[in-house]
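J.: Right, I'll just put the structure down here and ask away after.
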Amino acid sequence: MTVDTAADAVIASAPDPRVPRHVAIIMDGNGRWAKQRGLPRTAGHREGVKSVRAVVEESRRRGVTTLTLFAFSSENWCRPRAEVTILMELFMATLRSEVRRLNENGVALRIIGERGAFSEKLQRRIAEAEALTAANTQLNLQVAANYGGRWDIVQAARRLAVAVQSGQLNPNQIDEQRLSTELSFPDLPEPDLLIRTGGEQRLSNFVLWQAAYSELYFSDVLWPDFDALAYGAALDDYAHRQRRFGRTGEQLEQTCAAGAHPHGR
Ligand code: IPE
Ligand code: IPE
Ligand code: MG
């Protein structure tokens, strides 16, 4: 694209409101994918890593700047012990095999969730991967592991309580803005688009607070089959949505005409 005038330069650098800045994905359907093929559930989890690569790559290509992937929920500890063990091993192995490539591609990796429950070794590996990639700017990739939306709100409430107890914070100062600064990713925009694959239409305790105004997209495609094309279809669907944030469609048309970005924060 050629930029002719200063005004064109501003337009060229402004984020395109049709592209979600932050996409959050509930990667569901690995077990069913495997079952359909007469394979153990864990084969579906292994295959799912390919879809992770595909959505990371497509996110960078389409200009999504933050991607949050739900890999293991607070509730997934209830699964058979052997499956939990294999999921942890896969997490560890994937960190080992993918971090270099992510780093080369300018991806900043962050793990959100209660990491104290992981083995010391896994916690160390997570910290190393985060430190290595921290300065990267192409894509913020958050992997939600041992994450629960309720846990996130509870840990934020606890931190506020500690601040009140120590006299640093007055309870009257606690509002939505203040509470959200204690959540897992206060420095990043809230998810604009939340995708769930695998056919179920529920949040399963994912980003409860932060998804208050996310656009929802449910796909019947099982996660291991969710490729760049299927992801692209979700992004294209988002591009046609009108996000009203409580306002009327007419009000939005006016603000858009005045050049305001229709997104929230
Ligand atoms: C999602 O796939 C992966 C995790 C929850 C770790 P599932 O394992 O839930 O697959 P289904 O829903 O049983 O098909
Ligand atoms: C949600 O999937 C968690 C992840 C994708 C990591 P589940 O398969 O665990 O969700 P439910 O239990 O069927 O709602
Ligand atoms: Mg599932």
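Residues in the structure tokens are named by chain (A, B, ... in the order shown) and by number from 1 within that chain; ligands are numbered from 1 in the order shown.
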Excluding Arg202 (chain A) and residues on its chain fewer than 2 positions from it, collect all residues at most 12 Å away from it, counting only C-alpha atoms, and give them as a short mmCIF file (atom, residue, chain, number, x, y, z; two decimals) with C-alpha atoms, in the first residue's frame.

T.:
```cif
data_model
loop_
_atom_site.label_atom_id
_atom_site.label_comp_id
_atom_site.auth_asym_id
_atom_site.auth_seq_id
_atom_site.Cartn_x
_atom_site.Cartn_y
_atom_site.Cartn_z
CA ILE A 26 -11.80 -22.36 24.23
CA ASP A 28 -12.57 -27.97 22.82
CA LEU A 194 -14.36 -15.33 22.13
CA ILE A 195 -14.40 -18.54 20.09
CA ARG A 196 -15.38 -22.00 21.32
CA THR A 197 -14.76 -24.98 19.08
CA GLY A 198 -16.23 -28.46 19.49
CA GLY A 199 -19.92 -27.61 19.33
CA GLU A 200 -20.69 -26.80 22.97
CA SER A 204 -16.89 -23.37 31.17
CA ASN A 205 -15.48 -20.84 33.65
CA PHE A 206 -13.19 -19.12 31.13
CA VAL A 207 -12.58 -15.33 31.23
CA LEU A 208 -15.82 -14.44 33.02
CA LEU A 216 -19.15 -14.91 20.94
CA TYR A 217 -18.54 -17.39 18.13
CA PHE A 218 -19.31 -21.09 18.42
CA SER A 219 -17.92 -23.53 15.90
#
```

J.: List all protein, DNA and RNA residues that have an atom no more than 12 Å from any atom of ligand 3, counting only C-alpha atoms and all ligand atoms, and report them as a PyMOL selection string.

T.: chain A and resi 26-34+41+44-45+70-73+75-76+79+196-204+222-223

J.: Take the residues that were just selected and, keeping C-alpha atoms, output them as a PDB file, in the first residue's frame.

T.:
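Output file result28.pdb follows:
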```pdb
ATOM      1  CA  ILE A  26     -11.800 -22.363  24.234  1.00  0.00           C
ATOM      2  CA  MET A  27     -10.026 -25.183  22.438  1.00  0.00           C
ATOM      3  CA  ASP A  28     -12.574 -27.967  22.820  1.00  0.00           C
ATOM      4  CA  GLY A  29     -13.220 -31.295  21.094  1.00  0.00           C
ATOM      5  CA  ASN A  30      -9.884 -33.127  21.290  1.00  0.00           C
ATOM      6  CA  GLY A  31     -11.366 -36.171  23.021  1.00  0.00           C
ATOM      7  CA  ARG A  32     -14.200 -36.549  20.539  1.00  0.00           C
ATOM      8  CA  TRP A  33     -11.823 -36.106  17.606  1.00  0.00           C
ATOM      9  CA  ALA A  34      -9.762 -39.032  18.907  1.00  0.00           C
ATOM     10  CA  ARG A  41      -8.258 -39.166  23.971  1.00  0.00           C
ATOM     11  CA  GLY A  44      -6.566 -35.685  20.202  1.00  0.00           C
ATOM     12  CA  HIS A  45      -4.623 -33.465  22.605  1.00  0.00           C
ATOM     13  CA  PHE A  70      -7.719 -22.046  27.159  1.00  0.00           C
ATOM     14  CA  ALA A  71      -5.555 -25.129  27.591  1.00  0.00           C
ATOM     15  CA  PHE A  72      -6.484 -26.495  31.021  1.00  0.00           C
ATOM     16  CA  SER A  73      -9.255 -25.346  33.321  1.00  0.00           C
ATOM     17  CA  GLU A  75     -12.038 -28.106  36.680  1.00  0.00           C
ATOM     18  CA  ASN A  76      -9.916 -30.284  34.390  1.00  0.00           C
ATOM     19  CA  ARG A  79     -10.313 -35.857  34.716  1.00  0.00           C
ATOM     20  CA  ARG A 196     -15.380 -22.001  21.317  1.00  0.00           C
ATOM     21  CA  THR A 197     -14.757 -24.978  19.082  1.00  0.00           C
ATOM     22  CA  GLY A 198     -16.229 -28.458  19.486  1.00  0.00           C
ATOM     23  CA  GLY A 199     -19.915 -27.610  19.329  1.00  0.00           C
ATOM     24  CA  GLU A 200     -20.694 -26.804  22.975  1.00  0.00           C
ATOM     25  CA  GLN A 201     -22.152 -23.385  23.704  1.00  0.00           C
ATOM     26  CA  ARG A 202     -20.907 -22.525  27.183  1.00  0.00           C
ATOM     27  CA  LEU A 203     -18.079 -20.592  28.827  1.00  0.00           C
ATOM     28  CA  SER A 204     -16.891 -23.365  31.170  1.00  0.00           C
ATOM     29  CA  LEU A 222     -13.412 -30.113  16.739  1.00  0.00           C
ATOM     30  CA  TRP A 223     -10.217 -28.392  17.901  1.00  0.00           C
TER      31      TRP A 223
END
```

J.: Extract the full set of strand (DSSP E or B) residues from region 133-200 of chain A according to DSSP on the backbone, and format it as a JSON list (two decimals) with C-alpha atoms, in the first residue's frame.

T.:
```json
[["chain", "number", "residue", "atom", "x", "y", "z"],
["A", 139, "LEU", "CA", 1.76, -11.09, 19.24],
["A", 140, "ASN", "CA", 0.88, -11.53, 22.90],
["A", 141, "LEU", "CA", 0.13, -15.21, 23.33],
["A", 142, "GLN", "CA", -1.49, -16.13, 26.62],
["A", 143, "VAL", "CA", -2.00, -19.76, 27.51],
["A", 144, "ALA", "CA", -4.60, -20.23, 30.23],
["A", 145, "ALA", "CA", -3.50, -23.21, 32.29],
["A", 146, "ASN", "CA", -5.09, -24.16, 35.59],
["A", 147, "TYR", "CA", -7.17, -21.10, 34.88],
["A", 193, "LEU", "CA", -13.89, -12.12, 20.15],
["A", 194, "LEU", "CA", -14.36, -15.33, 22.13],
["A", 195, "ILE", "CA", -14.40, -18.54, 20.09],
["A", 196, "ARG", "CA", -15.38, -22.00, 21.32]]
```

J.: Would you give me, as a PyMOL selection string, the residues in region 106-165 of chain A that DSSP reads as alpha helix (DSSP H)?

T.: chain A and resi 120-133+149-165

J.: Can you list, as an mmCIF file with all heavy atoms, in the first residue's frame, every protein, DNA or RNA residue that comes within 10 Å of Glu57 (chain A) when you count only C-alpha atoms, leaving out same-chain residues fewer than 4 positions away?

T.:
```cif
data_model
loop_
_atom_site.group_PDB
_atom_site.id
_atom_site.type_symbol
_atom_site.label_atom_id
_atom_site.label_comp_id
_atom_site.auth_asym_id
_atom_site.auth_seq_id
_atom_site.Cartn_x
_atom_site.Cartn_y
_atom_site.Cartn_z
ATOM 1 N N SER A 51 -3.214 -27.225 15.622
ATOM 2 C CA SER A 51 -4.179 -26.123 15.501
ATOM 3 C C SER A 51 -3.677 -24.886 16.239
ATOM 4 O O SER A 51 -3.930 -23.757 15.813
ATOM 5 C CB SER A 51 -5.540 -26.548 16.052
ATOM 6 O OG SER A 51 -6.005 -27.679 15.364
ATOM 7 N N VAL A 52 -2.975 -25.107 17.355
ATOM 8 C CA VAL A 52 -2.396 -23.963 18.082
ATOM 9 C C VAL A 52 -1.432 -23.224 17.155
ATOM 10 O O VAL A 52 -1.506 -21.999 17.011
ATOM 11 C CB VAL A 52 -1.682 -24.421 19.384
ATOM 12 C CG1 VAL A 52 -0.914 -23.258 20.004
ATOM 13 C CG2 VAL A 52 -2.686 -24.999 20.384
ATOM 14 N N ARG A 53 -0.567 -23.986 16.501
ATOM 15 C CA ARG A 53 0.382 -23.347 15.569
ATOM 16 C C ARG A 53 -0.366 -22.563 14.493
ATOM 17 O O ARG A 53 -0.005 -21.439 14.164
ATOM 18 C CB ARG A 53 1.250 -24.404 14.881
ATOM 19 C CG ARG A 53 2.307 -24.961 15.781
ATOM 20 C CD ARG A 53 3.349 -25.749 14.979
ATOM 21 N NE ARG A 53 4.008 -26.675 15.870
ATOM 22 C CZ ARG A 53 3.833 -28.000 15.859
ATOM 23 N NH1 ARG A 53 3.046 -28.569 14.959
ATOM 24 N NH2 ARG A 53 4.448 -28.765 16.724
ATOM 25 N N ARG A 61 -0.736 -12.982 11.010
ATOM 26 C CA ARG A 61 -0.972 -12.593 9.611
ATOM 27 C C ARG A 61 -2.132 -11.611 9.495
ATOM 28 O O ARG A 61 -2.092 -10.684 8.702
ATOM 29 C CB ARG A 61 -1.271 -13.861 8.794
ATOM 30 C CG ARG A 61 -0.850 -13.785 7.348
ATOM 31 C CD ARG A 61 -1.182 -15.065 6.609
ATOM 32 N NE ARG A 61 -2.611 -15.289 6.473
ATOM 33 C CZ ARG A 61 -3.405 -14.665 5.607
ATOM 34 N NH1 ARG A 61 -2.884 -13.768 4.788
ATOM 35 N NH2 ARG A 61 -4.686 -14.919 5.555
ATOM 36 N N ARG A 62 -3.164 -11.794 10.336
ATOM 37 C CA ARG A 62 -4.357 -10.959 10.216
ATOM 38 C C ARG A 62 -4.332 -9.734 11.119
ATOM 39 O O ARG A 62 -5.287 -8.969 11.140
ATOM 40 C CB ARG A 62 -5.610 -11.789 10.543
ATOM 41 C CG ARG A 62 -5.759 -13.048 9.697
ATOM 42 C CD ARG A 62 -6.643 -12.861 8.480
ATOM 43 N NE ARG A 62 -8.002 -12.527 8.813
ATOM 44 C CZ ARG A 62 -9.094 -13.105 8.292
ATOM 45 N NH1 ARG A 62 -8.953 -14.091 7.426
ATOM 46 N NH2 ARG A 62 -10.280 -12.702 8.610
ATOM 47 N N LEU A 102 8.503 -19.545 18.590
ATOM 48 C CA LEU A 102 7.661 -18.406 18.987
ATOM 49 C C LEU A 102 8.528 -17.165 19.140
ATOM 50 O O LEU A 102 8.178 -16.078 18.674
ATOM 51 C CB LEU A 102 6.929 -18.708 20.307
ATOM 52 C CG LEU A 102 5.828 -19.773 20.261
ATOM 53 C CD1 LEU A 102 5.318 -20.088 21.660
ATOM 54 C CD2 LEU A 102 4.656 -19.319 19.371
ATOM 55 N N ASN A 105 9.562 -15.665 15.978
ATOM 56 C CA ASN A 105 8.446 -14.993 15.301
ATOM 57 C C ASN A 105 7.913 -13.787 16.074
ATOM 58 O O ASN A 105 6.839 -13.271 15.767
ATOM 59 C CB ASN A 105 7.313 -15.990 15.050
ATOM 60 C CG ASN A 105 7.676 -16.976 13.957
ATOM 61 O OD1 ASN A 105 8.393 -16.635 13.019
ATOM 62 N ND2 ASN A 105 7.222 -18.199 14.090
ATOM 63 N N VAL A 107 6.801 -13.544 19.182
ATOM 64 C CA VAL A 107 5.639 -13.789 20.045
ATOM 65 C C VAL A 107 6.053 -13.693 21.525
ATOM 66 O O VAL A 107 7.035 -14.316 21.931
ATOM 67 C CB VAL A 107 5.040 -15.195 19.766
ATOM 68 C CG1 VAL A 107 3.880 -15.489 20.711
ATOM 69 C CG2 VAL A 107 4.593 -15.308 18.310
ATOM 70 N N LEU A 139 3.002 -10.489 18.746
ATOM 71 C CA LEU A 139 1.757 -11.092 19.238
ATOM 72 C C LEU A 139 1.924 -11.420 20.715
ATOM 73 O O LEU A 139 2.954 -11.967 21.124
ATOM 74 C CB LEU A 139 1.466 -12.392 18.457
ATOM 75 C CG LEU A 139 0.238 -13.188 18.916
ATOM 76 C CD1 LEU A 139 -1.059 -12.490 18.503
ATOM 77 C CD2 LEU A 139 0.253 -14.609 18.338
ATOM 78 N N ALA A 228 -6.446 -22.739 9.782
ATOM 79 C CA ALA A 228 -6.431 -21.301 9.466
ATOM 80 C C ALA A 228 -7.729 -20.884 8.759
ATOM 81 O O ALA A 228 -8.229 -19.777 8.970
ATOM 82 C CB ALA A 228 -5.220 -20.973 8.601
#
```

J.: So the first atom is CA of Ala82 (chain A) and the second is CA of Gly149 (chain A); what is the distance between them in Å, to one decimal place?

T.: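 CA of Gly149 (chain A) lies at a distance of 25.2 Å from CA of Ala82 (chain A).
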
J.: With only C-alpha atoms and all ligand atoms as the atoms that count, which of A:Asp220, A:Glu120, A:Asp227, A:Glu250 lies nearest to ligand 1?

T.: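 Smallest separation from ligand 1 among the options: A:Asp220.
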
J.: Can you measure CA of Pro80 (chain A) to atom 4 (C, counted along the ligand's line) of ligand 1 for me? One decimal in Å is fine.

T.: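 Between CA of Pro80 (chain A) and atom 4 (C, counted along the ligand's line) of ligand 1 the gap is 12.2 Å.
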
J.: Please indicate the distance in Å from CA of Gln210 (chain A) to CA of Pro191 (chain A), rounded to one decimal place.

T.: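 Calculated distance between CA of Gln210 (chain A) and CA of Pro191 (chain A) is 6.7 Å.
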
J.: For ligand 1, which residue among A:Leu252, A:Ala211, A:Leu122, A:Val49 is the nearest when counting only C-alpha atoms and all ligand atoms?

T.: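 Among the listed residues, A:Val49 lies closest to ligand 1.
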
J.: Any idea what's packed within 8 Å of region 85-93 of chain A, counting only C-alpha atoms, ignoring anything in its chain fewer than 2 positions away? Could you give it as a count of residues only?

T.: 11

J.: Tell me which of A:Leu39, A:Leu67, A:Val164, A:Leu109 sits closest to Ala134 (chain A), counting only C-alpha atoms.

T.: A:Leu109
